[in-house]
$ cat upload_13.csv   # CSV, C-alpha atoms and all ligand atoms
chain,number,residue,atom,x,y,z
A,172,MET,CA,17.3,-14.5,7.1
A,173,THR,CA,16.2,-11.4,9.0
A,174,ALA,CA,19.7,-11.1,10.5
A,175,ASN,CA,20.7,-9.3,7.4
A,176,LEU,CA,17.7,-6.9,7.2
A,177,GLN,CA,19.5,-3.6,6.7
A,178,ASN,CA,16.5,-1.3,7.2
A,179,ASP,CA,13.9,-2.5,9.7
A,180,CYS,CA,12.6,1.0,10.6
A,181,PHE,CA,9.2,0.1,9.1
A,182,LEU,CA,8.8,-3.2,11.1
A,183,ARG,CA,9.8,-1.4,14.3
A,184,ALA,CA,7.3,1.4,13.7
A,185,LEU,CA,4.5,-1.2,13.1
A,186,LEU,CA,5.3,-2.6,16.5
A,187,ARG,CA,5.6,0.8,18.1
A,188,GLU,CA,9.3,0.3,18.9
A,189,PRO,CA,11.6,3.3,18.9
A,190,VAL,CA,12.7,4.6,15.4
A,191,GLU,CA,15.0,7.5,14.4
A,192,ARG,CA,12.5,8.7,11.7
A,193,THR,CA,9.1,7.9,10.4
A,194,PRO,CA,9.2,5.1,7.8
A,195,VAL,CA,7.5,5.8,4.5
A,196,TRP,CA,6.0,3.7,1.6
A,197,MET,CA,3.0,4.3,-0.8
A,198,MET,CA,0.0,2.1,-1.5
A,199,ARG,CA,0.3,1.2,-5.2
A,200,GLN,CA,3.9,2.4,-5.3
A,201,ALA,CA,4.6,0.1,-8.2
A,202,GLY,CA,2.1,1.2,-10.9
A,203,ARG,CA,1.1,3.2,-13.9
A,204,TYR,CA,2.5,6.6,-12.7
A,205,LEU,CA,6.0,5.2,-13.4
A,206,PRO,CA,7.0,5.1,-17.0
A,207,GLU,CA,9.2,2.0,-16.3
A,208,TYR,CA,6.1,0.2,-15.0
A,209,ARG,CA,4.2,1.1,-18.2
A,210,ARG,CA,7.0,-0.3,-20.3
A,211,VAL,CA,7.1,-3.7,-18.5
A,212,ARG,CA,3.3,-3.8,-18.5
A,213,ARG,CA,3.2,-3.3,-22.3
A,214,GLN,CA,5.9,-6.0,-22.6
A,215,ALA,CA,3.8,-8.4,-20.5
A,216,GLY,CA,0.7,-7.9,-22.6
A,217,SER,CA,-2.0,-7.8,-19.9
A,218,PHE,CA,-2.0,-6.9,-16.2
A,219,MET,CA,-2.7,-10.6,-15.3
A,220,ASP,CA,0.3,-11.7,-17.5
A,221,LEU,CA,2.4,-9.3,-15.4
A,222,CYS,CA,1.1,-10.8,-12.2
A,223,THR,CA,1.5,-14.4,-13.2
A,224,GLN,CA,5.2,-14.1,-14.3
A,225,PRO,CA,7.3,-13.9,-11.2
A,226,GLU,CA,10.3,-12.4,-12.9
A,227,LEU,CA,8.2,-9.5,-14.2
A,228,ALA,CA,6.3,-9.1,-10.9
A,229,CYS,CA,9.6,-9.0,-9.1
A,230,GLU,CA,11.0,-6.4,-11.5
A,231,VAL,CA,8.1,-4.0,-11.1
A,232,THR,CA,8.1,-4.5,-7.3
A,233,LEU,CA,11.6,-3.2,-7.2
A,234,GLN,CA,11.2,-0.3,-9.6
A,235,PRO,CA,10.0,2.3,-7.0
A,236,LEU,CA,12.8,1.3,-4.7
A,237,GLU,CA,15.3,2.2,-7.4
A,238,ARG,CA,13.9,5.7,-7.6
A,239,PHE,CA,12.9,6.6,-4.1
A,240,ARG,CA,14.1,6.2,-0.5
A,241,LEU,CA,11.2,3.9,0.5
A,242,ASP,CA,11.3,1.8,3.7
A,243,ALA,CA,9.2,-1.2,2.4
A,244,ALA,CA,8.5,-3.2,-0.8
A,245,ILE,CA,5.0,-4.4,-1.5
A,246,LEU,CA,4.5,-7.6,-3.5
A,247,PHE,CA,3.3,-6.8,-6.9
A,248,SER,CA,0.0,-8.6,-7.4
A,249,ASP,CA,-3.7,-7.9,-6.9
A,250,ILE,CA,-6.4,-8.7,-4.3
A,251,LEU,CA,-8.4,-10.4,-7.0
A,252,THR,CA,-6.1,-13.3,-7.5
A,253,ILE,CA,-8.1,-15.4,-4.9
A,254,PRO,CA,-11.4,-15.1,-6.8
A,255,HIS,CA,-9.5,-15.8,-10.1
A,256,ALA,CA,-8.1,-19.0,-8.5
A,257,MET,CA,-11.7,-19.9,-7.4
A,258,GLY,CA,-12.7,-20.0,-11.1
A,259,LEU,CA,-14.3,-16.6,-11.6
A,260,GLY,CA,-12.2,-15.7,-14.6
A,261,LEU,CA,-10.6,-12.3,-13.9
A,262,SER,CA,-9.6,-9.9,-16.7
A,263,PHE,CA,-8.7,-6.2,-16.7
A,264,SER,CA,-9.9,-4.0,-19.6
A,265,GLU,CA,-8.1,-0.7,-20.3
A,266,GLY,CA,-9.7,2.1,-18.3
A,267,GLU,CA,-12.6,-0.1,-17.0
A,268,GLY,CA,-11.0,-1.9,-14.1
A,269,PRO,CA,-11.5,-5.6,-13.2
A,270,ARG,CA,-14.1,-7.9,-14.7
A,271,PHE,CA,-15.2,-11.4,-13.8
A,272,ALA,CA,-16.4,-13.7,-16.6
A,273,HIS,CA,-18.3,-15.7,-14.0
A,274,PRO,CA,-19.6,-13.5,-11.2
A,275,LEU,CA,-21.6,-15.1,-8.3
A,276,ARG,CA,-25.2,-15.1,-9.3
A,277,THR,CA,-26.9,-18.0,-7.5
A,278,ALA,CA,-26.8,-19.8,-4.2
A,279,ALA,CA,-25.2,-22.8,-6.1
A,280,ASP,CA,-22.4,-20.5,-7.4
A,281,ILE,CA,-21.5,-19.7,-3.7
A,282,GLN,CA,-22.0,-23.3,-2.4
A,283,ARG,CA,-19.5,-24.7,-4.9
A,284,LEU,CA,-16.7,-22.4,-4.0
A,285,ALA,CA,-13.6,-23.9,-2.3
A,286,ALA,CA,-10.6,-22.2,-0.8
A,287,PRO,CA,-7.7,-22.5,-3.3
A,288,ASP,CA,-4.4,-24.2,-2.3
A,289,PRO,CA,-1.9,-21.3,-2.3
A,290,GLU,CA,1.0,-23.4,-3.4
A,291,ASN,CA,-1.0,-24.8,-6.2
A,292,GLU,CA,-3.5,-22.5,-7.9
A,293,LEU,CA,-1.7,-19.4,-6.5
A,294,ARG,CA,1.8,-20.7,-6.9
A,295,TYR,CA,2.8,-17.8,-9.1
A,296,VAL,CA,2.2,-15.4,-6.2
A,297,MET,CA,4.3,-17.5,-3.8
A,298,ASP,CA,7.1,-17.8,-6.5
A,299,ALA,CA,7.0,-14.0,-6.8
A,300,VAL,CA,7.3,-13.6,-3.0
A,301,ARG,CA,10.3,-15.9,-2.9
A,302,LEU,CA,12.0,-14.2,-5.8
A,303,ILE,CA,11.4,-10.7,-4.5
A,304,ARG,CA,12.6,-11.6,-1.1
A,305,ARG,CA,15.8,-13.0,-2.6
A,306,SER,CA,16.3,-10.0,-4.9
A,307,LEU,CA,15.7,-7.5,-2.0
A,308,ASN,CA,18.6,-9.2,-0.2
A,309,GLY,CA,17.7,-7.5,3.1
A,310,ARG,CA,17.4,-3.9,1.8
A,311,VAL,CA,13.9,-3.3,3.2
A,312,PRO,CA,11.1,-5.6,4.4
A,313,LEU,CA,8.6,-7.2,2.0
A,314,ILE,CA,4.8,-6.6,2.5
A,315,GLY,CA,2.4,-9.4,1.6
A,316,PHE,CA,-1.3,-8.7,1.2
A,317,SER,CA,-4.8,-9.9,0.6
A,318,GLY,CA,-8.2,-8.3,0.1
A,319,SER,CA,-10.6,-8.7,3.0
A,320,PRO,CA,-13.4,-11.3,2.6
A,321,TRP,CA,-16.0,-8.5,2.4
A,322,THR,CA,-14.1,-6.6,-0.2
A,323,LEU,CA,-13.5,-9.7,-2.3
A,324,ALA,CA,-17.2,-10.6,-2.0
A,325,CYS,CA,-18.0,-7.1,-3.3
A,326,TYR,CA,-16.1,-7.8,-6.6
A,327,MET,CA,-17.3,-11.4,-6.8
A,328,VAL,CA,-21.0,-10.6,-6.5
A,329,GLU,CA,-20.9,-7.3,-8.5
A,330,GLY,CA,-18.7,-8.8,-11.2
A,331,GLY,CA,-16.4,-5.8,-11.2
A,332,SER,CA,-16.3,-2.3,-9.7
A,333,SER,CA,-19.6,-0.8,-8.6
A,334,ARG,CA,-21.1,2.5,-7.8
A,335,ASP,CA,-23.6,1.5,-5.2
A,336,TYR,CA,-22.9,-2.1,-4.3
A,337,ALA,CA,-26.6,-2.9,-4.8
A,338,LYS,CA,-26.1,-6.6,-5.7
A,339,VAL,CA,-23.7,-7.5,-2.9
A,340,LYS,CA,-25.7,-5.5,-0.3
A,341,GLY,CA,-28.9,-7.1,-1.7
A,342,LEU,CA,-27.4,-10.5,-0.9
A,343,LEU,CA,-26.4,-9.3,2.6
A,344,TYR,CA,-29.9,-8.0,3.4
A,345,ASP,CA,-32.0,-10.7,1.8
A,346,GLN,CA,-29.9,-13.8,2.5
A,347,PRO,CA,-27.5,-13.0,5.4
A,348,GLN,CA,-26.8,-16.7,5.9
A,349,LEU,CA,-25.7,-17.2,2.4
A,350,MET,CA,-23.5,-14.1,2.7
A,351,HIS,CA,-21.9,-15.6,5.8
A,352,GLN,CA,-21.3,-18.8,3.9
A,353,LEU,CA,-19.4,-16.8,1.2
A,354,LEU,CA,-17.4,-14.8,3.8
A,355,GLU,CA,-16.5,-18.1,5.6
A,356,VAL,CA,-14.9,-19.7,2.6
A,357,LEU,CA,-13.2,-16.5,1.7
A,358,SER,CA,-11.8,-16.2,5.2
A,359,GLN,CA,-10.3,-19.7,5.0
A,360,ALA,CA,-8.9,-18.8,1.6
A,361,VAL,CA,-7.4,-15.4,2.8
A,362,ALA,CA,-5.8,-16.9,6.0
A,363,ALA,CA,-4.2,-19.7,4.0
A,364,TYR,CA,-3.0,-17.3,1.3
A,365,LEU,CA,-1.5,-14.9,3.8
A,366,ASN,CA,0.2,-17.7,5.8
A,367,ALA,CA,1.6,-19.1,2.5
A,368,GLN,CA,3.0,-15.6,1.7
A,369,ILE,CA,4.6,-15.5,5.2
A,370,ALA,CA,6.1,-18.9,4.7
A,371,ALA,CA,7.4,-17.8,1.3
A,372,GLY,CA,9.1,-14.7,2.9
A,373,ALA,CA,6.6,-11.9,3.5
A,374,GLN,CA,7.8,-10.0,6.6
A,375,THR,CA,4.5,-8.2,7.3
A,376,VAL,CA,1.0,-8.6,5.8
A,377,MET,CA,-1.7,-6.2,5.1
A,378,LEU,CA,-5.5,-6.8,4.7
A,379,PHE,CA,-7.1,-4.4,2.3
A,380,ASP,CA,-10.7,-3.8,3.3
A,381,THR,CA,-11.3,-1.2,0.5
A,382,TRP,CA,-15.1,-1.4,0.7
A,383,GLY,CA,-15.7,-1.9,4.4
A,384,GLY,CA,-16.7,1.8,4.6
A,385,VAL,CA,-19.8,1.3,2.5
A,386,LEU,CA,-21.4,-0.7,5.3
A,387,SER,CA,-23.5,0.5,8.3
A,388,SER,CA,-21.7,0.3,11.6
A,389,GLU,CA,-23.7,-2.8,12.6
A,390,ASP,CA,-23.0,-4.6,9.3
A,391,TYR,CA,-19.4,-3.6,9.3
A,392,ARG,CA,-18.9,-5.4,12.6
A,393,GLU,CA,-20.8,-8.5,11.5
A,394,PHE,CA,-19.8,-8.8,7.9
A,395,SER,CA,-16.3,-7.3,7.7
A,396,LEU,CA,-14.5,-6.8,11.1
A,397,GLY,CA,-15.7,-10.2,12.5
A,398,TYR,CA,-13.9,-12.0,9.6
A,399,ALA,CA,-10.8,-9.7,9.8
A,400,ARG,CA,-10.6,-10.8,13.5
A,401,ARG,CA,-10.8,-14.5,12.6
A,402,ILE,CA,-8.2,-14.1,10.0
A,403,SER,CA,-5.8,-12.5,12.4
A,404,ALA,CA,-6.3,-15.3,14.9
A,405,ALA,CA,-5.3,-17.8,12.2
A,406,LEU,CA,-2.1,-16.0,11.0
A,407,SER,CA,1.4,-17.2,11.8
A,408,PRO,CA,2.6,-14.9,14.5
A,409,GLU,CA,6.3,-15.1,13.6
A,410,ALA,CA,8.8,-16.1,10.9
A,411,ASP,CA,12.5,-16.6,11.4
A,412,GLY,CA,12.0,-15.8,15.1
A,413,ARG,CA,10.6,-12.3,14.4
A,414,ARG,CA,7.0,-11.0,14.8
A,415,VAL,CA,5.2,-10.7,11.5
A,416,PRO,CA,3.2,-7.5,12.0
A,417,ARG,CA,-0.3,-7.4,10.6
A,418,ILE,CA,-1.9,-4.2,9.1
A,419,LEU,CA,-5.7,-3.7,8.7
A,420,PHE,CA,-6.9,-1.0,6.4
A,421,THR,CA,-10.6,-0.2,6.1
A,422,LYS,CA,-11.1,2.7,3.7
A,423,GLY,CA,-13.8,4.9,5.2
A,424,GLY,CA,-13.4,3.1,8.6
A,425,GLY,CA,-12.3,6.1,10.7
A,426,GLN,CA,-15.3,5.9,13.0
A,427,TRP,CA,-14.5,2.3,13.8
A,428,LEU,CA,-10.9,2.6,14.7
A,429,SER,CA,-11.4,1.8,18.4
A,430,ASP,CA,-13.1,-1.5,17.6
A,431,MET,CA,-10.5,-2.3,14.9
A,432,ALA,CA,-7.7,-1.8,17.4
A,433,ASP,CA,-9.0,-4.9,19.3
A,434,ALA,CA,-9.1,-7.2,16.2
A,435,GLY,CA,-5.6,-8.7,16.5
A,436,TYR,CA,-3.7,-6.3,14.2
A,437,ASP,CA,-0.5,-4.4,15.1
A,438,ALA,CA,-1.3,-1.4,12.9
A,439,LEU,CA,-4.3,0.2,11.3
A,440,GLY,CA,-4.4,2.1,8.0
A,441,VAL,CA,-6.1,5.4,8.1
A,442,ASP,CA,-7.5,7.4,5.1
A,443,TRP,CA,-7.2,11.2,4.9
A,444,THR,CA,-10.7,11.9,6.2
A,445,THR,CA,-9.7,11.1,9.8
A,446,PRO,CA,-7.0,13.3,11.3
A,447,LEU,CA,-4.2,11.2,12.8
A,448,SER,CA,-4.6,13.0,16.1
A,449,VAL,CA,-8.2,11.8,16.3
A,450,ALA,CA,-7.1,8.3,15.2
A,451,ARG,CA,-4.4,8.2,17.8
A,452,ALA,CA,-6.8,9.2,20.5
A,453,ALA,CA,-9.3,6.5,19.4
A,454,VAL,CA,-6.7,3.6,19.4
A,455,THR,CA,-5.1,4.6,22.8
A,456,GLU,CA,-1.7,3.1,22.3
A,457,ARG,CA,-3.0,-0.3,21.3
A,458,VAL,CA,-1.8,-0.2,17.7
A,459,ALA,CA,0.4,1.7,15.3
A,460,LEU,CA,-1.2,3.9,12.6
A,461,GLN,CA,-0.4,4.1,8.9
A,462,GLY,CA,-1.3,7.0,6.7
A,463,ASN,CA,-2.8,9.4,5.7
A,464,LEU,CA,-2.0,12.0,3.1
A,465,ASP,CA,-4.8,12.6,0.5
A,466,PRO,CA,-3.4,11.1,-2.7
A,467,VAL,CA,-4.7,14.1,-4.6
A,468,VAL,CA,-2.2,16.3,-2.7
A,469,LEU,CA,0.4,14.8,-5.0
A,470,TYR,CA,-1.1,16.9,-7.9
A,471,ALA,CA,-0.3,20.1,-5.9
A,472,ALA,CA,2.9,22.2,-6.1
A,473,PRO,CA,6.0,20.8,-4.4
A,474,GLU,CA,5.8,23.5,-1.6
A,475,THR,CA,2.3,22.5,-0.9
A,476,ILE,CA,3.2,18.8,-0.7
A,477,ARG,CA,6.0,19.6,1.8
A,478,ARG,CA,3.6,21.6,3.9
A,479,LYS,CA,1.0,18.8,3.9
A,480,VAL,CA,3.7,16.3,4.9
A,481,GLN,CA,4.7,18.5,7.8
A,482,ALA,CA,1.0,18.8,8.8
A,483,THR,CA,0.5,15.0,8.7
A,484,LEU,CA,3.6,14.4,10.9
A,485,ALA,CA,2.4,17.1,13.3
A,486,GLN,CA,-1.1,15.5,13.4
A,487,PHE,CA,0.4,12.2,14.7
A,488,GLY,CA,2.6,14.3,17.0
A,489,HIS,CA,5.7,13.9,19.1
A,490,GLY,CA,6.9,11.5,21.7
A,491,ALA,CA,6.0,8.1,20.4
A,492,SER,CA,6.8,5.7,17.7
A,493,GLY,CA,4.0,3.9,15.9
A,494,HIS,CA,3.5,6.0,12.8
A,495,VAL,CA,4.2,4.8,9.3
A,496,PHE,CA,3.8,7.5,6.7
A,497,ASN,CA,1.7,6.6,3.7
A,498,LEU,CA,-1.0,8.0,1.4
A,499,GLY,CA,-4.6,7.6,2.6
A,500,HIS,CA,-5.2,5.4,-0.5
A,501,GLY,CA,-3.3,4.3,-3.6
A,502,ILE,CA,-1.2,6.7,-5.6
A,503,LEU,CA,-3.1,7.9,-8.7
A,504,PRO,CA,-2.0,6.8,-12.1
A,505,ASP,CA,-1.2,10.2,-13.5
A,506,VAL,CA,0.8,11.6,-10.7
A,507,ASP,CA,4.2,13.1,-11.6
A,508,PRO,CA,6.9,10.8,-10.0
A,509,ALA,CA,8.9,13.9,-9.0
A,510,HIS,CA,6.0,14.8,-6.8
A,511,ALA,CA,6.0,11.4,-5.1
A,512,GLU,CA,9.7,12.0,-4.5
A,513,THR,CA,9.0,15.4,-3.0
A,514,MET,CA,6.7,13.7,-0.5
A,515,ILE,CA,9.1,10.9,0.4
A,516,GLU,CA,12.1,13.3,0.8
A,517,ALA,CA,10.0,15.6,3.0
A,518,VAL,CA,9.3,12.7,5.3
A,519,HIS,CA,13.0,12.0,5.5
A,520,GLU,CA,13.7,15.7,6.2
A,521,PHE,CA,11.0,16.6,8.7
A,522,SER,CA,10.3,13.4,10.6
A,523,PRO,CA,13.5,12.9,12.7
A,524,ALA,CA,12.4,15.9,14.9
A,525,TYR,CA,9.4,13.9,16.0
A,526,HIS,CA,11.6,11.0,17.3
A,527,VAL,CA,14.1,12.9,19.5
A,528,HIS,CA,14.4,11.1,22.8
A,529,GLY,CA,15.5,12.3,26.2
B,1,LIG,O1,0.5,-1.4,-3.9
B,1,LIG,C1,1.2,-1.9,-4.8
B,1,LIG,O2,2.1,-1.3,-5.4
B,1,LIG,C2,1.1,-3.5,-4.9
B,1,LIG,C3,0.2,-3.9,-6.0
B,1,LIG,C4,-1.3,-3.8,-5.8
B,1,LIG,C5,-2.1,-3.6,-6.9
B,1,LIG,N1,-3.4,-3.8,-6.5
B,1,LIG,C6,-1.6,-3.5,-8.3
B,1,LIG,C7,-2.5,-3.0,-9.4
B,1,LIG,C8,-2.1,-3.9,-4.7
B,1,LIG,C9,-1.7,-3.9,-3.2
B,1,LIG,C10,-3.5,-3.9,-5.2
B,1,LIG,C11,-4.6,-4.0,-4.3
B,1,LIG,C12,-6.0,-3.8,-4.8
B,1,LIG,N2,-6.5,-4.2,-6.1
B,1,LIG,C13,-7.0,-3.3,-4.1
B,1,LIG,C14,-7.0,-2.9,-2.7
B,1,LIG,C15,-6.3,-1.6,-2.5
B,1,LIG,C16,-7.1,-0.4,-3.0
B,1,LIG,O3,-6.7,0.3,-3.9
B,1,LIG,O4,-8.1,-0.1,-2.3
B,1,LIG,C17,-8.2,-3.3,-5.0
B,1,LIG,C18,-9.5,-2.8,-4.6
B,1,LIG,C19,-7.8,-3.9,-6.2
B,1,LIG,C20,-8.7,-4.2,-7.3
B,1,LIG,C21,-8.2,-3.6,-8.6
B,1,LIG,N3,-7.0,-3.9,-9.2
B,1,LIG,C22,-8.8,-2.5,-9.3
B,1,LIG,C23,-10.0,-1.8,-8.8
B,1,LIG,C24,-7.9,-2.2,-10.4
B,1,LIG,C25,-8.2,-1.2,-11.5
B,1,LIG,C26,-7.7,0.1,-11.0
B,1,LIG,C27,-7.6,1.1,-12.2
B,1,LIG,O5,-7.4,2.2,-11.8
B,1,LIG,O6,-7.8,0.7,-13.3
B,1,LIG,C28,-6.8,-3.1,-10.3
B,1,LIG,C29,-5.7,-3.1,-11.2
B,1,LIG,C30,-4.3,-2.9,-10.7
B,1,LIG,N4,-3.8,-3.5,-9.6
B,1,LIG,C31,-3.3,-2.0,-11.3
B,1,LIG,C32,-2.2,-2.1,-10.4
B,1,LIG,C33,-0.9,-1.5,-10.6
B,1,LIG,C34,-3.5,-1.3,-12.6
B,1,LIG,C35,-3.6,-2.2,-13.7
B,1,LIG,C36,-2.8,-1.9,-14.9
B,1,LIG,O7,-1.5,-1.8,-14.9
B,1,LIG,O8,-3.4,-1.7,-16.0
$ encode --input "upload_13.csv" --output "structure tokens"
Amino acid sequence: MTANLQNDCFLRALLREPVERTPVWMMRQAGRYLPEYRRVRRQAGSFMDLCTQPELACEVTLQPLERFRLDAAILFSDILTIPHAMGLGLSFSEGEGPRFAHPLRTAADIQRLAAPDPENELRYVMDAVRLIRRSLNGRVPLIGFSGSPWTLACYMVEGGSSRDYAKVKGLLYDQPQLMHQLLEVLSQAVAAYLNAQIAAGAQTVMLFDTWGGVLSSEDYREFSLGYARRISAALSPEADGRRVPRILFTKGGGQWLSDMADAGYDALGVDWTTPLSVARAAVTERVALQGNLDPVVLYAAPETIRRKVQATLAQFGHGASGHVFNLGHGILPDVDPAHAETMIEAVHEFSPAYHVHG
């Protein structure tokens, strides 16, 4: 199947192989900033209705590729599908973000959790992967993803988004063994879920550790990175005879990049608070880097966006592959799509100069 992959620039950059230009995609590239997304979302009813109908999930996955010269597609789904499949009852209310009807409140709530079977309770995700992969027909590679165990635990214990993570950190500080028990079952669930996505056709997988950055360094190693490492060790290394690169993104994890580089991932996501030059020095040619334009830059004037793209490319520097251009976090819902296009076109225009060989 990979024989007909027409644009593998992204996969090559993740493996630090030579490329002619820097590949580009955007976290949350299928989303509310696109009017065509909002139309399909309305038609579906709720966000979960959109996620659970493979035809609609496929349609919105492809929308940004119709508009922009992107080098990857990312499965349209959410990180909270695993806790939903574990029985926590996920819903999204307008403007308020995710909510669980049954958050984890007691030791018994945690002890009764079991890793879902991806081809059973999460079959709708695998069906979406298969359909998207077929519809892409080799245009660009497909990214599968999951939340990290720590980040999933944050939502499951808090019951939704949180300002200070008091409940989940309270559990970590007061009952570390129980927290480990929760992270253990989530690690099994995440590894099985990502391997099922790979079997269904995902050509690379990304672990979103959105809330790793709220932990102390010591706790990050014990409660987040340790599990990310175990997951990478359990992942299928190849599909169709080709390496399936893994990407680890800890938002706010800039100070831990050197440790993260030894966790079994091919590439690390970097947010905008760490310059790519500093990140590159920290990972010393062990992994590729993905990032890291501040998503808020897309509110700025087109000339500013172009200047910031140039600055980001210059930060990574000349003379090596191993950079995937991205935002440092998801694109914001009220960004003008024309500004996203300005960013993407600027990467196409300016990046070839960084890949001249000889
Ligand atoms: O990147 C993509 O285009 C693929 C789809 C994707 C979504 N969520 C779609 C989505 C991905 C990769 C995610 C990951 C995700 N979901 C993360 C990790 C990445 C990150 O942003 O740090 C997290 C923390 C979540 C949990 C989540 N899902 C939240 C907090 C929200 C609400 C956000 C908000 O602003 O309301 C969601 C909902 C969600 N997931 C939307 C989309 C397009 C918006 C829902 C809508 O259309 O109403």
$ residues_around --input "upload_13.csv" --residues "Glu512 of chain A" --least-positions-apart "6" --cutoff "10 Å" --atoms "only C-alpha atoms" --output "list of chain:residue names"
A:Arg238, A:Phe239, A:Arg240, A:Leu241, A:Leu469, A:Pro473, A:Val518
$ residues_near_ligand --input "upload_13.csv" --ligand "ligand LIG 1 (chain B)" --cutoff "6 Å" --atoms "all atoms listed in the file" --output "list of chain:residue names"
A:Met198, A:Arg199, A:Gln200, A:Ala201, A:Gly202, A:Arg203, A:Phe218, A:Ile245, A:Leu246, A:Phe247, A:Ser248, A:Asp249, A:Ile250, A:Gly266, A:Gly268, A:Pro269, A:Phe379, A:Thr381, A:Gly501
$ residues_near_point --input "upload_13.csv" --point "(-13.6, -14.1, -18.9)" --cutoff "9 Å" --atoms "all atoms listed in the file" --output "PyMOL selection string"
chain A and resi 259-262+270-273
$ write_last_selection --input "upload_13.csv" --atoms "C-alpha atoms" --output "PDB file, in the frame of the given file"
ATOM      1  CA  LEU A 259     -14.300 -16.600 -11.600  1.00  0.00           C
ATOM      2  CA  GLY A 260     -12.200 -15.700 -14.600  1.00  0.00           C
ATOM      3  CA  LEU A 261     -10.600 -12.300 -13.900  1.00  0.00           C
ATOM      4  CA  SER A 262      -9.600  -9.900 -16.700  1.00  0.00           C
ATOM      5  CA  ARG A 270     -14.100  -7.900 -14.700  1.00  0.00           C
ATOM      6  CA  PHE A 271     -15.200 -11.400 -13.800  1.00  0.00           C
ATOM      7  CA  ALA A 272     -16.400 -13.700 -16.600  1.00  0.00           C
ATOM      8  CA  HIS A 273     -18.300 -15.700 -14.000  1.00  0.00           C
TER       9      HIS A 273
END
$ closest_residue --input "upload_13.csv" --among "A:Gln282, A:Asn308, A:Ser333, A:Ser319" --to "Leu251 of chain A" --atoms "only C-alpha atoms"
A:Ser319
$ residues_around --input "upload_13.csv" --residues "Ala432 of chain A" --least-positions-apart "2" --cutoff "12 Å" --atoms "only C-alpha atoms" --output "ChimeraX atom specification"
/A:396,399-400,403,417-421,424-430,434-441,450-460
$ residues_around --input "upload_13.csv" --residues "Gly490 of chain A" --least-positions-apart "5" --cutoff "12 Å" --atoms "only C-alpha atoms" --output "list in words"
Arg187, Glu188, Pro189, Val190, Glu191, Arg192, Leu484, Ala485, Ser522, Pro523, Ala524, Tyr525, His526, Val527, His528 and Gly529 of chain A
$ residues_around --input "upload_13.csv" --residues "Ser448 of chain A" --least-positions-apart "5" --cutoff "8 Å" --atoms "all atoms listed in the file" --output "count of residues only"
3
$ residues_around --input "upload_13.csv" --residues "Leu343 of chain A" --least-positions-apart "5" --cutoff "12 Å" --atoms "only C-alpha atoms" --output "ChimeraX atom specification"
/A:321,324-325,328,336-338,348-354,386-387,390-391,393-395
$ atom_distance --input "upload_13.csv" --atom1 "atom CA of Arg276 of chain A" --atom2 "atom CA of Tyr326 of chain A"
12.0 Å
$ residues_near_point --input "upload_13.csv" --point "(-5.0, -9.5, -1.9)" --cutoff "12 Å" --atoms "only C-alpha atoms" --output "JSON, numbers by chain"
{"A": [245, 246, 247, 248, 249, 250, 251, 252, 253, 254, 255, 256, 293, 296, 314, 315, 316, 317, 318, 319, 320, 321, 322, 323, 357, 358, 360, 361, 362, 363, 364, 365, 368, 376, 377, 378, 379, 380, 381]}
$ write_last_selection --input "upload_13.csv" --atoms "C-alpha atoms" --output "compact mmCIF listing (two decimals), keeping the file's coordinate frame"
# COMPACT_ATOMS: atom_id res chain seq x y z
CA ILE A 245 5.00 -4.40 -1.50
CA LEU A 246 4.50 -7.60 -3.50
CA PHE A 247 3.30 -6.80 -6.90
CA SER A 248 0.00 -8.60 -7.40
CA ASP A 249 -3.70 -7.90 -6.90
CA ILE A 250 -6.40 -8.70 -4.30
CA LEU A 251 -8.40 -10.40 -7.00
CA THR A 252 -6.10 -13.30 -7.50
CA ILE A 253 -8.10 -15.40 -4.90
CA PRO A 254 -11.40 -15.10 -6.80
CA HIS A 255 -9.50 -15.80 -10.10
CA ALA A 256 -8.10 -19.00 -8.50
CA LEU A 293 -1.70 -19.40 -6.50
CA VAL A 296 2.20 -15.40 -6.20
CA ILE A 314 4.80 -6.60 2.50
CA GLY A 315 2.40 -9.40 1.60
CA PHE A 316 -1.30 -8.70 1.20
CA SER A 317 -4.80 -9.90 0.60
CA GLY A 318 -8.20 -8.30 0.10
CA SER A 319 -10.60 -8.70 3.00
CA PRO A 320 -13.40 -11.30 2.60
CA TRP A 321 -16.00 -8.50 2.40
CA THR A 322 -14.10 -6.60 -0.20
CA LEU A 323 -13.50 -9.70 -2.30
CA LEU A 357 -13.20 -16.50 1.70
CA SER A 358 -11.80 -16.20 5.20
CA ALA A 360 -8.90 -18.80 1.60
CA VAL A 361 -7.40 -15.40 2.80
CA ALA A 362 -5.80 -16.90 6.00
CA ALA A 363 -4.20 -19.70 4.00
CA TYR A 364 -3.00 -17.30 1.30
CA LEU A 365 -1.50 -14.90 3.80
CA GLN A 368 3.00 -15.60 1.70
CA VAL A 376 1.00 -8.60 5.80
CA MET A 377 -1.70 -6.20 5.10
CA LEU A 378 -5.50 -6.80 4.70
CA PHE A 379 -7.10 -4.40 2.30
CA ASP A 380 -10.70 -3.80 3.30
CA THR A 381 -11.30 -1.20 0.50
$ atom_distance --input "upload_13.csv" --atom1 "atom CA of Ala285 of chain A" --atom2 "atom CA of Ala373 of chain A"
24.2 Å
$ closest_residue --input "upload_13.csv" --among "A:Met514, A:Val211, A:Leu503, A:Ala278" --to "Pro347 of chain A" --atoms "all atoms listed in the file"
A:Ala278
$ closest_residue --input "upload_13.csv" --among "A:Asp411, A:Ala367, A:Thr232, A:Asp433" --to "Arg392 of chain A" --atoms "only C-alpha atoms"
A:Asp433
$ atom_distance --input "upload_13.csv" --atom1 "atom CA of Ala370 of chain A" --atom2 "atom CA of Pro312 of chain A"
14.2 Å
